[in-house]
file start16.txt (compact mmCIF, C-alpha atoms)
# COMPACT_ATOMS: atom_id res chain seq x y z
CA MET A 1 22.58 56.09 -19.45
CA THR A 2 20.02 57.51 -21.80
CA GLY A 3 17.71 60.49 -21.41
CA TRP A 4 17.16 64.01 -22.36
CA SER A 5 19.20 66.82 -20.94
CA LYS A 6 20.08 70.38 -21.66
CA ALA A 7 23.77 70.92 -22.71
CA GLY A 8 25.59 72.73 -19.99
CA PRO A 9 28.60 75.10 -20.47
CA VAL A 10 32.14 73.65 -20.77
CA VAL A 11 34.69 75.11 -18.48
CA GLY A 12 36.98 77.27 -20.42
CA ALA A 13 34.77 77.29 -23.46
CA LYS A 14 33.46 80.46 -24.91
CA HIS A 15 29.86 81.23 -24.08
CA ASP A 16 27.51 80.90 -27.01
CA THR A 17 25.79 84.24 -27.32
CA ASN A 18 23.49 83.10 -30.07
CA PRO A 19 22.02 79.84 -28.91
CA THR A 20 19.81 77.85 -31.24
CA LEU A 21 17.31 75.11 -30.49
CA ARG A 22 18.55 71.74 -30.73
CA PRO A 23 16.44 68.73 -31.55
CA HIS A 24 16.59 67.27 -28.10
CA GLY A 25 15.61 70.68 -26.52
CA LEU A 26 12.33 70.83 -28.50
CA ILE A 27 11.31 67.37 -27.31
CA SER A 28 12.09 68.38 -23.73
CA HIS A 29 9.74 71.37 -23.95
CA ALA A 30 6.99 69.24 -25.43
CA TRP A 31 7.27 66.72 -22.61
CA ARG A 32 6.92 69.44 -20.00
CA TRP A 33 3.84 70.87 -21.74
CA GLY A 34 2.23 67.42 -21.82
CA ALA A 35 2.88 66.88 -18.13
CA GLY A 36 1.17 70.19 -17.35
CA PHE A 37 -1.85 69.17 -19.45
CA ILE A 38 -2.14 65.87 -17.61
CA SER A 39 -1.99 67.72 -14.22
CA ALA A 40 -4.75 70.14 -15.33
CA GLY A 41 -6.92 67.21 -16.46
CA ALA A 42 -6.53 65.52 -13.11
CA GLY A 43 -7.64 68.75 -11.40
CA LEU A 44 -10.68 68.94 -13.66
CA VAL A 45 -11.61 65.38 -12.82
CA SER A 46 -11.31 66.24 -9.13
CA ILE A 47 -13.58 69.30 -9.55
CA LEU A 48 -16.19 67.27 -11.44
CA SER A 49 -16.08 64.59 -8.78
CA TYR A 50 -16.68 67.17 -6.03
CA THR A 51 -19.49 68.77 -8.00
CA HIS A 52 -21.15 65.37 -8.46
CA SER A 53 -20.83 64.80 -4.72
CA ILE A 54 -22.63 68.09 -4.03
CA LYS A 55 -25.38 67.18 -6.51
CA ALA A 56 -25.84 63.81 -4.87
CA LYS A 57 -26.34 65.54 -1.52
CA PHE A 58 -28.77 68.23 -2.63
CA ASP A 59 -30.60 66.82 -5.67
CA PRO A 60 -34.24 66.31 -4.57
CA ASP A 61 -34.42 63.24 -6.78
CA SER A 62 -31.82 61.57 -4.57
CA VAL A 63 -31.37 61.08 -0.83
CA ALA A 64 -28.01 60.73 0.84
CA VAL A 65 -28.43 57.58 2.87
CA SER A 66 -25.30 55.60 3.57
CA GLY A 67 -23.53 57.51 0.85
CA LEU A 68 -24.83 58.58 -2.51
CA THR A 69 -27.96 56.53 -3.02
CA ALA A 70 -30.92 57.69 -5.17
CA VAL A 71 -34.61 56.99 -4.22
CA ARG A 72 -36.15 55.08 -7.11
CA TRP A 73 -39.33 53.59 -5.58
CA VAL A 74 -41.72 54.37 -2.70
CA GLY A 75 -44.60 52.19 -1.46
CA VAL A 76 -47.18 52.53 1.38
CA THR A 77 -49.14 49.83 3.18
CA PRO A 78 -51.98 49.21 3.56
CA ALA A 79 -52.90 50.75 0.24
CA LEU A 80 -56.62 50.63 1.15
CA ASP A 81 -58.20 50.49 4.60
CA THR A 82 -61.57 51.22 6.23
CA ALA A 83 -62.37 52.88 9.56
CA SER A 84 -65.70 51.86 11.10
CA SER A 85 -65.86 54.52 13.81
CA ILE A 86 -65.12 58.20 14.04
CA GLY A 87 -61.85 58.49 15.95
CA ASP A 88 -60.40 55.19 14.72
CA THR A 89 -56.69 55.27 13.86
CA ILE A 90 -54.83 53.55 11.01
CA ASN A 91 -51.03 53.29 11.00
CA LEU A 92 -49.55 53.49 7.51
CA ALA A 93 -46.04 52.15 6.76
CA VAL A 94 -43.81 53.51 3.98
CA THR A 95 -40.98 51.69 2.18
CA ALA A 96 -38.37 53.40 -0.05
CA THR A 97 -35.67 51.60 -2.11
CA ASP A 98 -32.59 52.57 -4.08
CA PRO A 99 -31.92 51.56 -7.71
CA ARG A 100 -30.62 48.18 -6.55
CA GLY A 101 -33.81 47.44 -4.57
CA ASN A 102 -32.22 47.97 -1.20
CA ALA A 103 -34.46 49.51 1.47
CA LEU A 104 -33.51 53.04 2.52
CA LEU A 105 -33.62 53.64 6.22
CA GLY A 106 -34.05 57.08 7.77
CA ALA A 107 -35.26 58.77 4.59
CA PRO A 108 -37.34 61.91 5.42
CA THR A 109 -41.07 61.64 4.61
CA VAL A 110 -43.86 64.17 4.07
CA TRP A 111 -47.47 63.02 4.70
CA THR A 112 -50.59 64.78 3.38
CA SER A 113 -54.36 64.12 3.24
CA SER A 114 -56.57 65.02 0.32
CA ASP A 115 -59.45 65.73 2.73
CA SER A 116 -58.52 66.37 6.35
CA ILE A 117 -62.20 66.72 7.24
CA VAL A 118 -62.61 63.02 6.46
CA ALA A 119 -59.20 61.79 7.66
CA SER A 120 -56.14 63.54 9.02
CA VAL A 121 -52.58 62.24 9.06
CA ASP A 122 -49.60 63.19 11.20
CA SER A 123 -45.88 63.18 10.43
CA ALA A 124 -45.56 59.55 11.53
CA GLY A 125 -48.20 58.30 9.10
CA THR A 126 -50.94 57.80 11.71
CA VAL A 127 -54.38 58.45 10.18
CA VAL A 128 -57.37 59.51 12.32
CA ALA A 129 -60.93 59.12 11.00
CA ARG A 130 -62.84 62.41 11.31
CA SER A 131 -66.07 62.02 9.32
CA THR A 132 -67.75 59.75 6.81
CA GLY A 133 -66.13 59.74 3.36
CA THR A 134 -62.96 58.80 1.49
CA ALA A 135 -59.54 60.46 1.64
CA ALA A 136 -56.28 59.85 -0.20
CA ILE A 137 -53.21 59.79 2.04
CA ALA A 138 -49.98 60.60 0.17
CA VAL A 139 -46.39 60.16 1.36
CA THR A 140 -43.49 61.86 -0.41
CA VAL A 141 -39.85 60.74 -0.26
CA GLY A 142 -37.62 62.92 -2.39
CA ARG A 143 -39.66 63.32 -5.54
CA LYS A 144 -41.32 59.93 -5.28
CA VAL A 145 -44.95 59.76 -4.06
CA ALA A 146 -47.03 56.80 -2.91
CA THR A 147 -50.75 56.97 -2.11
CA ALA A 148 -53.10 54.99 0.15
CA HIS A 149 -56.88 55.36 0.35
CA VAL A 150 -58.82 55.47 3.61
CA VAL A 151 -62.59 54.95 3.70
CA VAL A 152 -64.48 56.12 6.79
CA ARG A 153 -67.76 54.22 7.03
CA GLN A 154 -69.43 54.16 10.46
CA GLU A 155 -70.89 50.84 11.55
CA PRO A 156 -73.84 50.82 14.02
CA ALA A 157 -72.80 49.48 17.40
CA GLU A 158 -75.43 50.69 19.88
CA VAL A 159 -78.44 52.92 20.51
CA ARG A 160 -77.78 55.79 22.92
CA ILE A 161 -80.21 58.11 24.72
CA VAL A 162 -79.46 61.79 25.28
CA GLY A 163 -80.00 63.31 28.72
CA ASP A 164 -80.41 62.10 32.28
CA SER A 165 -80.65 58.52 33.44
CA ILE A 166 -84.40 59.00 34.00
CA ILE A 167 -86.95 60.86 31.86
CA ARG A 168 -89.19 63.11 34.00
CA VAL A 169 -92.34 64.58 32.48
CA PRO A 170 -94.90 66.89 34.18
CA GLU A 171 -98.42 65.54 34.38
CA GLY A 172 -100.51 66.67 31.43
CA GLU A 173 -97.58 68.22 29.58
CA ARG A 174 -95.52 67.30 26.54
CA SER A 175 -91.82 66.67 26.18
CA GLN A 176 -89.42 64.85 23.89
CA VAL A 177 -86.83 62.14 24.26
CA VAL A 178 -83.83 62.00 21.95
CA GLY A 179 -81.85 58.94 20.96
CA TYR A 180 -79.34 58.11 18.22
CA VAL A 181 -77.47 55.25 16.66
CA ALA A 182 -73.75 55.31 17.53
CA ASP A 183 -70.61 53.59 16.31
CA ALA A 184 -68.20 51.66 18.52
CA ARG A 185 -66.71 54.93 19.77
CA ARG A 186 -70.17 56.31 20.68
CA GLN A 187 -70.16 58.82 17.83
CA LYS A 188 -73.54 59.58 16.26
CA ILE A 189 -74.23 58.07 12.85
CA LEU A 190 -76.09 60.56 10.70
CA GLY A 191 -79.08 59.36 8.71
CA LEU A 192 -80.06 56.55 11.07
CA ALA A 193 -83.13 56.99 13.29
CA VAL A 194 -84.39 55.19 16.38
CA ARG A 195 -87.98 54.17 17.14
CA TRP A 196 -89.61 54.59 20.56
CA ARG A 197 -92.12 52.59 22.59
CA SER A 198 -93.69 53.02 26.05
CA ALA A 199 -94.25 50.09 28.38
CA ASP A 200 -97.32 51.80 29.89
CA PRO A 201 -99.00 54.50 27.78
CA SER A 202 -101.57 55.08 30.54
CA VAL A 203 -98.74 56.69 32.52
CA ALA A 204 -96.70 58.20 29.69
CA ALA A 205 -97.19 57.83 25.95
CA VAL A 206 -94.41 58.21 23.38
CA ASP A 207 -94.69 58.12 19.60
CA SER A 208 -92.18 56.59 17.21
CA VAL A 209 -90.11 59.78 16.92
CA GLY A 210 -89.89 60.48 20.68
CA ASN A 211 -92.74 62.91 21.43
CA VAL A 212 -93.84 62.26 25.02
CA THR A 213 -97.14 63.02 26.78
CA GLY A 214 -97.38 62.74 30.56
CA THR A 215 -100.77 61.08 31.08
CA ALA A 216 -100.93 60.38 34.82
CA PRO A 217 -98.49 60.36 37.75
CA GLY A 218 -96.47 57.15 37.87
CA ARG A 219 -93.50 55.29 36.42
CA THR A 220 -92.90 53.38 33.21
CA THR A 221 -90.10 52.49 30.78
CA PHE A 222 -89.26 53.87 27.34
CA THR A 223 -87.50 51.66 24.79
CA ALA A 224 -85.38 53.00 21.91
CA MET A 225 -84.76 50.56 19.03
CA HIS A 226 -82.85 50.27 15.77
CA ASP A 227 -82.27 47.17 13.69
CA GLY A 228 -82.25 44.77 16.63
CA MET A 229 -80.36 47.09 18.98
CA VAL A 230 -82.36 48.11 22.07
CA THR A 231 -81.80 50.60 24.89
CA GLN A 232 -84.22 51.33 27.74
CA VAL A 233 -84.63 54.30 30.07
CA PRO A 234 -87.01 54.72 33.04
CA ALA A 235 -89.66 57.44 32.76
CA GLU A 236 -91.56 59.21 35.52
CA VAL A 237 -94.62 61.41 35.29
CA TYR A 238 -94.78 63.68 38.31
CA PRO A 239 -97.89 65.54 39.49
CA VAL A 240 -98.17 69.26 38.85
CA PRO A 241 -100.18 71.54 41.19
CA GLY A 242 -103.41 72.33 39.42
CA SER A 243 -105.50 74.14 42.00
CA LEU A 244 -105.70 75.25 45.62
CA THR A 245 -108.95 74.34 47.37
CA LEU A 246 -110.22 75.88 50.62
CA VAL A 247 -111.30 73.05 52.91
CA GLY A 248 -111.85 74.87 56.22
CA GLY A 249 -111.70 78.11 58.21
CA ASP A 250 -113.62 80.45 55.91
CA GLY A 251 -116.40 82.85 57.03
CA GLN A 252 -115.61 82.81 60.76
CA ARG A 253 -116.32 85.56 63.27
CA ALA A 254 -114.23 86.69 66.21
CA PRO A 255 -113.70 89.84 68.24
CA ALA A 256 -111.30 92.27 66.61
CA GLY A 257 -107.72 91.40 67.55
CA ARG A 258 -108.62 87.83 68.52
CA ARG A 259 -107.90 84.47 66.88
CA VAL A 260 -110.66 82.76 64.96
CA ALA A 261 -111.84 79.48 66.40
CA ASN A 262 -110.79 77.12 63.61
CA PRO A 263 -107.55 77.08 61.62
CA VAL A 264 -107.60 77.92 57.93
CA ALA A 265 -107.03 74.77 55.85
CA VAL A 266 -106.31 74.50 52.13
CA GLN A 267 -105.55 71.53 49.90
CA VAL A 268 -103.23 71.39 46.89
CA VAL A 269 -104.40 69.00 44.18
CA SER A 270 -102.90 68.03 40.82
CA ARG A 271 -104.39 68.63 37.41
CA SER A 272 -106.05 65.24 37.65
CA GLY A 273 -107.42 65.99 41.13
CA ARG A 274 -104.86 64.03 43.15
CA PRO A 275 -103.49 65.51 46.41
CA ILE A 276 -99.85 66.59 46.12
CA GLU A 277 -97.39 66.42 48.98
CA GLY A 278 -94.56 68.87 49.57
CA VAL A 279 -95.91 71.92 47.72
CA PRO A 280 -94.91 75.25 49.37
CA VAL A 281 -97.93 77.35 50.48
CA GLN A 282 -97.92 81.01 51.60
CA PHE A 283 -100.43 82.77 53.91
CA VAL A 284 -100.34 86.49 53.12
CA LEU A 285 -101.91 89.37 55.09
CA PRO A 286 -101.60 93.13 54.54
CA GLU A 287 -99.10 94.91 56.75
CA GLY A 288 -100.51 95.27 60.28
CA ALA A 289 -103.69 93.34 59.43
CA GLY A 290 -103.27 90.45 61.84
CA GLU A 291 -101.04 87.40 61.57
CA THR A 292 -101.02 83.70 60.78
CA ASP A 293 -99.09 80.83 62.29
CA PRO A 294 -97.25 79.60 60.31
CA ARG A 295 -96.83 82.18 57.56
CA SER A 296 -95.83 79.43 55.14
CA GLY A 297 -95.82 75.66 55.05
CA SER A 298 -95.73 72.59 52.82
CA SER A 299 -98.61 70.33 51.96
CA ASP A 300 -98.79 66.97 53.76
CA ALA A 301 -99.54 63.56 52.27
CA GLN A 302 -103.17 64.62 51.76
CA GLY A 303 -102.06 67.87 50.14
CA ILE A 304 -103.33 69.92 53.10
CA VAL A 305 -101.74 72.89 54.87
CA ARG A 306 -103.20 74.51 58.02
CA ALA A 307 -102.62 77.85 59.78
CA THR A 308 -104.22 79.69 62.67
CA TRP A 309 -105.43 83.26 62.04
CA THR A 310 -105.39 86.14 64.50
CA LEU A 311 -107.54 89.04 63.25
CA ALA A 312 -106.47 92.67 63.18
CA GLY A 313 -107.75 95.01 65.93
CA VAL A 314 -110.08 96.91 63.59
CA PRO A 315 -113.69 95.70 63.36
CA GLY A 316 -115.06 94.70 59.97
CA ARG A 317 -114.44 92.19 57.23
CA GLN A 318 -110.90 90.91 56.96
CA SER A 319 -109.30 88.73 54.30
CA LEU A 320 -106.38 86.34 54.08
CA THR A 321 -104.73 85.40 50.75
CA VAL A 322 -103.37 81.88 50.32
CA SER A 323 -101.13 80.93 47.38
CA ALA A 324 -99.38 77.72 46.34
CA GLU A 325 -96.24 77.35 44.24
CA GLY A 326 -97.12 76.39 40.70
CA VAL A 327 -100.78 77.43 40.97
CA ALA A 328 -101.62 80.54 38.98
CA SER A 329 -104.70 81.58 40.99
CA HIS A 330 -104.82 82.21 44.73
CA THR A 331 -107.50 81.56 47.34
CA VAL A 332 -109.02 84.25 49.55
CA VAL A 333 -110.33 83.46 53.06
CA THR A 334 -112.59 85.95 54.84
CA ALA A 335 -113.52 86.51 58.49
CA GLU A 336 -115.59 89.04 60.42
CA ALA A 337 -113.90 91.04 63.16
CA GLU A 338 -116.59 91.93 65.68
CA PRO A 339 -116.47 95.34 67.37
CA VAL A 340 -115.37 95.20 70.97
CA GLY A 341 -117.88 97.08 73.14
CA ALA A 342 -115.29 98.79 75.26
CA ASN A 343 -113.68 100.23 72.18
CA THR A 344 -116.74 101.07 70.04
CA ARG A 345 -118.84 104.22 69.95
CA LEU A 346 -122.20 104.74 68.16
CA ALA A 347 -123.69 108.20 67.63
CA GLN A 348 -126.82 109.54 65.87
CA VAL A 349 -125.90 112.12 63.27
CA ASN A 350 -129.30 113.75 62.64
CA GLU A 351 -131.58 114.37 65.65
CA ASN A 352 -135.13 115.72 66.24
CA LEU A 353 -136.68 113.47 63.66
CA GLU A 354 -140.44 113.88 63.19
CA GLY A 355 -143.11 113.21 60.64
CA PRO A 356 -146.78 112.27 60.14
CA ALA A 357 -147.81 108.95 61.64
CA GLY A 358 -147.87 106.14 59.15
CA GLU A 359 -145.59 107.95 56.70
CA GLY A 360 -141.88 107.87 55.92
CA LEU A 361 -139.47 110.47 57.16
CA PRO A 362 -138.25 112.82 54.44
CA ASP A 363 -134.57 112.24 55.32
CA PRO A 364 -132.75 109.01 56.14
CA VAL A 365 -131.69 108.23 59.66
CA VAL A 366 -127.87 108.46 59.92
CA VAL A 367 -125.59 106.96 62.57
CA ARG A 368 -121.80 107.01 62.84
CA VAL A 369 -119.59 104.27 64.30
CA THR A 370 -116.15 105.10 65.73
CA ASP A 371 -113.66 103.62 68.13
CA SER A 372 -112.96 105.10 71.53
CA SER A 373 -110.46 107.56 70.04
CA GLY A 374 -112.97 108.87 67.49
CA VAL A 375 -111.55 107.06 64.43
CA SER A 376 -114.31 106.10 62.01
CA LEU A 377 -114.89 102.39 61.68
CA ALA A 378 -115.65 101.47 58.08
CA ASP A 379 -117.22 98.25 56.78
CA VAL A 380 -118.78 97.40 60.11
CA PRO A 381 -122.11 95.51 59.83
CA VAL A 382 -125.15 97.46 60.99
CA ALA A 383 -128.66 96.09 61.69
CA TRP A 384 -131.84 98.25 62.07
CA SER A 385 -135.13 97.57 63.88
CA VAL A 386 -138.23 99.47 65.22
CA ASP A 387 -140.54 98.71 68.17
CA ASP A 388 -143.88 99.85 66.74
CA ASP A 389 -145.76 98.88 63.63
CA GLY A 390 -143.46 101.01 61.51
CA SER A 391 -140.45 99.80 59.52
CA ILE A 392 -136.95 100.83 58.64
CA VAL A 393 -134.92 99.80 55.63
CA ALA A 394 -131.10 100.07 55.63
CA SER A 395 -129.50 101.85 52.69
CA GLU A 396 -126.32 99.75 53.19
CA SER A 397 -125.66 96.79 55.42
CA ARG A 398 -122.30 98.18 56.50
CA THR A 399 -120.79 101.49 57.42
CA ASP A 400 -119.16 103.48 54.65
CA SER A 401 -115.68 104.98 54.62
CA LEU A 402 -116.83 107.68 57.10
CA GLY A 403 -118.15 105.02 59.46
CA GLU A 404 -121.75 106.06 58.70
CA ALA A 405 -124.85 103.97 58.04
CA ARG A 406 -128.28 105.12 56.79
CA GLY A 407 -131.81 103.82 57.03
CA ARG A 408 -135.22 104.86 55.62
CA TRP A 409 -137.76 104.95 58.46
CA THR A 410 -141.50 104.65 57.93
CA LEU A 411 -143.32 105.64 61.11
CA GLY A 412 -146.03 103.59 62.68
CA SER A 413 -149.71 104.64 62.69
CA ARG A 414 -149.68 105.64 66.35
CA SER A 415 -148.96 109.24 67.21
CA GLY A 416 -146.28 110.02 69.74
CA VAL A 417 -142.66 109.02 70.27
CA GLN A 418 -141.43 106.07 68.29
CA ARG A 419 -138.08 104.35 68.57
CA ALA A 420 -135.66 102.77 66.15
CA TYR A 421 -132.70 100.59 67.16
CA VAL A 422 -129.27 100.10 65.60
CA GLN A 423 -127.03 97.12 66.29
CA VAL A 424 -123.38 97.25 65.32
CA GLY A 425 -121.58 94.00 64.63
call {"tool": "encode", "arguments": {"input": "start16.txt", "output": "structure tokens"}}
result
Amino acid sequence: MTGWSKAGPVVGAKHDTNPTLRPHGLISHAWRWGAGFISAGAGLVSILSYTHSIKAKFDPDSVAVSGLTAVRWVGVTPALDTASSIGDTINLAVTATDPRGNALLGAPTVWTSSDSIVASVDSAGTVVARSTGTAAIAVTVGRKVATAHVVVRQEPAEVRIVGDSIIRVPEGERSQVVGYVADARRQKILGLAVRWRSADPSVAAVDSVGNVTGTAPGRTTFTAMHDGMVTQVPAEVYPVPGSLTLVGGDGQRAPAGRRVANPVAVQVVSRSGRPIEGVPVQFVLPEGAGETDPRSGSSDAQGIVRATWTLAGVPGRQSLTVSAEGVASHTVVTAEAEPVGANTRLAQVNENLEGPAGEGLPDPVVVRVTDSSGVSLADVPVAWSVDDDGSIVASESRTDSLGEARGRWTLGSRSGVQRAYVQVG
């Protein structure tokens, strides 16, 4: 056999106390040192290999997909697309490859929009059109970026009208209709206007920008147009109460506390003089000043409302106020409550009147009118007369707040007793 070995002691031989290196011992030490160097080198290679593995996992320029595979190219499709309506969606697809051109599956992506007001994008690459304009949509895989461009350009699809399904305009008043051009998702397209037309301007007129005038009660149709697109909406002009006219029951007379002979009748007419049906009407009296039946009502097909009127128990002029909804002014109806003889008293205030025949008395003749309990009756009509060739002139035709009435009496030419007469009511 051949090989290197260290000389061992010989039994019975004297131990060498001063050993010296022999040639084969030096070579043995060198071999052991070389083996240690080779072992250290293998460890270093192992450490470098582990470090490279860590780098492959965490280096942003590489993605660990099916092992240690670097991302070398990223593409997005479609690279350019157009949305024709606000709210449209576009699905973008991303492709990433390794250095050998193999597609990488499951690589994480980050999506961004250069203008989210124009177009937004979610984590799956779905783009939503928000407003007119252009936006760049970028996708990042590792440190590789690909970009697509999205153009939002609304295309007219229809004309739409804002508001109810029917346009209602008061007679004689102005209003406005609003329409717009919309895309396929019914979103308004800015900068495009519609034009208007009325089928019957004698009922309702509309100008090109939508200003409406209610001409006369009736129905017609408005048409909104833009570049061959047409939408129609019905329009109605409804009558508006213009005035309240008294047609019967004014100026009647009846005993105090009794009903007048004829009902009070009023008519509601529109601004163009047409009767209006269904308008609420109120008959209003002061507290305790009689009553009407009904107190309120609605106008009939001829615009008329009727009510009976029972006067208050106090003699004199009485009034009834009638108002209609939508009419600014009200109508006043008057009636005369005649004194009831059993409840009326007439007394002369100044007595022992005398003067030269044919001349006027220096003081007026005064009478006072009261009811049976002595309460003065104001605003009661009083009439004067004389039985000789004299005359008497009333200072007022009705009693004042004290229930008094006065007359200037010019005596007749005959000497003696002369008489004057007073009629109340």
call {"tool": "closest_residue", "arguments": {"input": "start16.txt", "among": "A:Gln176, A:Ser385, A:Ser413, A:Ser272", "to": "A:Ala235", "atoms": "all atoms listed in the file"}}
result
A:Gln176
call {"tool": "residues_near_point", "arguments": {"input": "start16.txt", "point": "(-60.0, 55.9, 8.6)", "cutoff": "12 Å", "atoms": "all atoms listed in the file", "output": "JSON list (two decimals) with C-alpha atoms, keeping the file's coordinate frame"}}
result
[["chain", "number", "residue", "atom", "x", "y", "z"],
["A", 78, "PRO", "CA", -51.98, 49.21, 3.56],
["A", 80, "LEU", "CA", -56.62, 50.63, 1.15],
["A", 81, "ASP", "CA", -58.20, 50.49, 4.60],
["A", 82, "THR", "CA", -61.57, 51.22, 6.23],
["A", 83, "ALA", "CA", -62.37, 52.88, 9.56],
["A", 84, "SER", "CA", -65.70, 51.86, 11.10],
["A", 85, "SER", "CA", -65.86, 54.52, 13.81],
["A", 86, "ILE", "CA", -65.12, 58.20, 14.04],
["A", 87, "GLY", "CA", -61.85, 58.49, 15.95],
["A", 88, "ASP", "CA", -60.40, 55.19, 14.72],
["A", 89, "THR", "CA", -56.69, 55.27, 13.86],
["A", 90, "ILE", "CA", -54.83, 53.55, 11.01],
["A", 91, "ASN", "CA", -51.03, 53.29, 11.00],
["A", 92, "LEU", "CA", -49.55, 53.49, 7.51],
["A", 113, "SER", "CA", -54.36, 64.12, 3.24],
["A", 115, "ASP", "CA", -59.45, 65.73, 2.73],
["A", 116, "SER", "CA", -58.52, 66.37, 6.35],
["A", 117, "ILE", "CA", -62.20, 66.72, 7.24],
["A", 118, "VAL", "CA", -62.61, 63.02, 6.46],
["A", 119, "ALA", "CA", -59.20, 61.79, 7.66],
["A", 120, "SER", "CA", -56.14, 63.54, 9.02],
["A", 121, "VAL", "CA", -52.58, 62.24, 9.06],
["A", 126, "THR", "CA", -50.94, 57.80, 11.71],
["A", 127, "VAL", "CA", -54.38, 58.45, 10.18],
["A", 128, "VAL", "CA", -57.37, 59.51, 12.32],
["A", 129, "ALA", "CA", -60.93, 59.12, 11.00],
["A", 130, "ARG", "CA", -62.84, 62.41, 11.31],
["A", 131, "SER", "CA", -66.07, 62.02, 9.32],
["A", 132, "THR", "CA", -67.75, 59.75, 6.81],
["A", 133, "GLY", "CA", -66.13, 59.74, 3.36],
["A", 134, "THR", "CA", -62.96, 58.80, 1.49],
["A", 135, "ALA", "CA", -59.54, 60.46, 1.64],
["A", 136, "ALA", "CA", -56.28, 59.85, -0.20],
["A", 137, "ILE", "CA", -53.21, 59.79, 2.04],
["A", 148, "ALA", "CA", -53.10, 54.99, 0.15],
["A", 149, "HIS", "CA", -56.88, 55.36, 0.35],
["A", 150, "VAL", "CA", -58.82, 55.47, 3.61],
["A", 151, "VAL", "CA", -62.59, 54.95, 3.70],
["A", 152, "VAL", "CA", -64.48, 56.12, 6.79],
["A", 153, "ARG", "CA", -67.76, 54.22, 7.03],
["A", 154, "GLN", "CA", -69.43, 54.16, 10.46]]
call {"tool": "atom_distance", "arguments": {"input": "start16.txt", "atom1": "atom CA of A:Tyr421", "atom2": "atom CA of A:Ser319"}}
result
29.2 Å
call {"tool": "closest_residue", "arguments": {"input": "start16.txt", "among": "A:Thr344, A:Ser198, A:Thr109, A:Thr213", "to": "A:Gln232", "atoms": "only C-alpha atoms"}}
result
A:Ser198
call {"tool": "atom_distance", "arguments": {"input": "start16.txt", "atom1": "atom CA of A:Ala265", "atom2": "atom CA of A:Gly313"}}
result
22.6 Å
call {"tool": "atom_distance", "arguments": {"input": "start16.txt", "atom1": "atom CA of A:Asp207", "atom2": "atom CA of A:Glu171"}}
result
17.0 Å
call {"tool": "closest_residue", "arguments": {"input": "start16.txt", "among": "A:Val380, A:Ala157, A:Val268, A:Ala205", "to": "A:Glu236", "atoms": "only C-alpha atoms"}}
result
A:Ala205
call {"tool": "build_atoms", "arguments": {"input": "start16.txt", "residues": "stretch 275-286 of chain A", "atoms": "N, CA and C atoms", "output": "compact mmCIF listing (two decimals), keeping the file's coordinate frame"}}
result
# COMPACT_ATOMS: atom_id res chain seq x y z
N PRO A 275 -104.23 64.68 45.45
CA PRO A 275 -103.49 65.51 46.41
C PRO A 275 -101.99 65.42 46.15
N ILE A 276 -101.30 66.54 46.35
CA ILE A 276 -99.85 66.59 46.12
C ILE A 276 -99.15 66.96 47.42
N GLU A 277 -98.16 66.18 47.77
CA GLU A 277 -97.39 66.42 48.98
C GLU A 277 -96.17 67.28 48.67
N GLY A 278 -95.80 68.12 49.66
CA GLY A 278 -94.56 68.87 49.57
C GLY A 278 -94.61 70.15 48.77
N VAL A 279 -95.80 70.67 48.48
CA VAL A 279 -95.91 71.92 47.72
C VAL A 279 -95.86 73.10 48.70
N PRO A 280 -94.96 74.08 48.50
CA PRO A 280 -94.91 75.25 49.37
C PRO A 280 -96.18 76.10 49.25
N VAL A 281 -96.71 76.54 50.42
CA VAL A 281 -97.93 77.35 50.48
C VAL A 281 -97.64 78.58 51.34
N GLN A 282 -98.12 79.75 50.89
CA GLN A 282 -97.92 81.01 51.60
C GLN A 282 -99.26 81.56 52.08
N PHE A 283 -99.27 82.07 53.35
CA PHE A 283 -100.43 82.77 53.91
C PHE A 283 -100.05 84.25 54.01
N VAL A 284 -100.75 85.09 53.26
CA VAL A 284 -100.34 86.49 53.12
C VAL A 284 -101.42 87.41 53.65
N LEU A 285 -101.02 88.34 54.55
CA LEU A 285 -101.91 89.37 55.09
C LEU A 285 -101.30 90.74 54.82
N PRO A 286 -102.14 91.77 54.66
CA PRO A 286 -101.60 93.13 54.54
C PRO A 286 -100.82 93.51 55.79
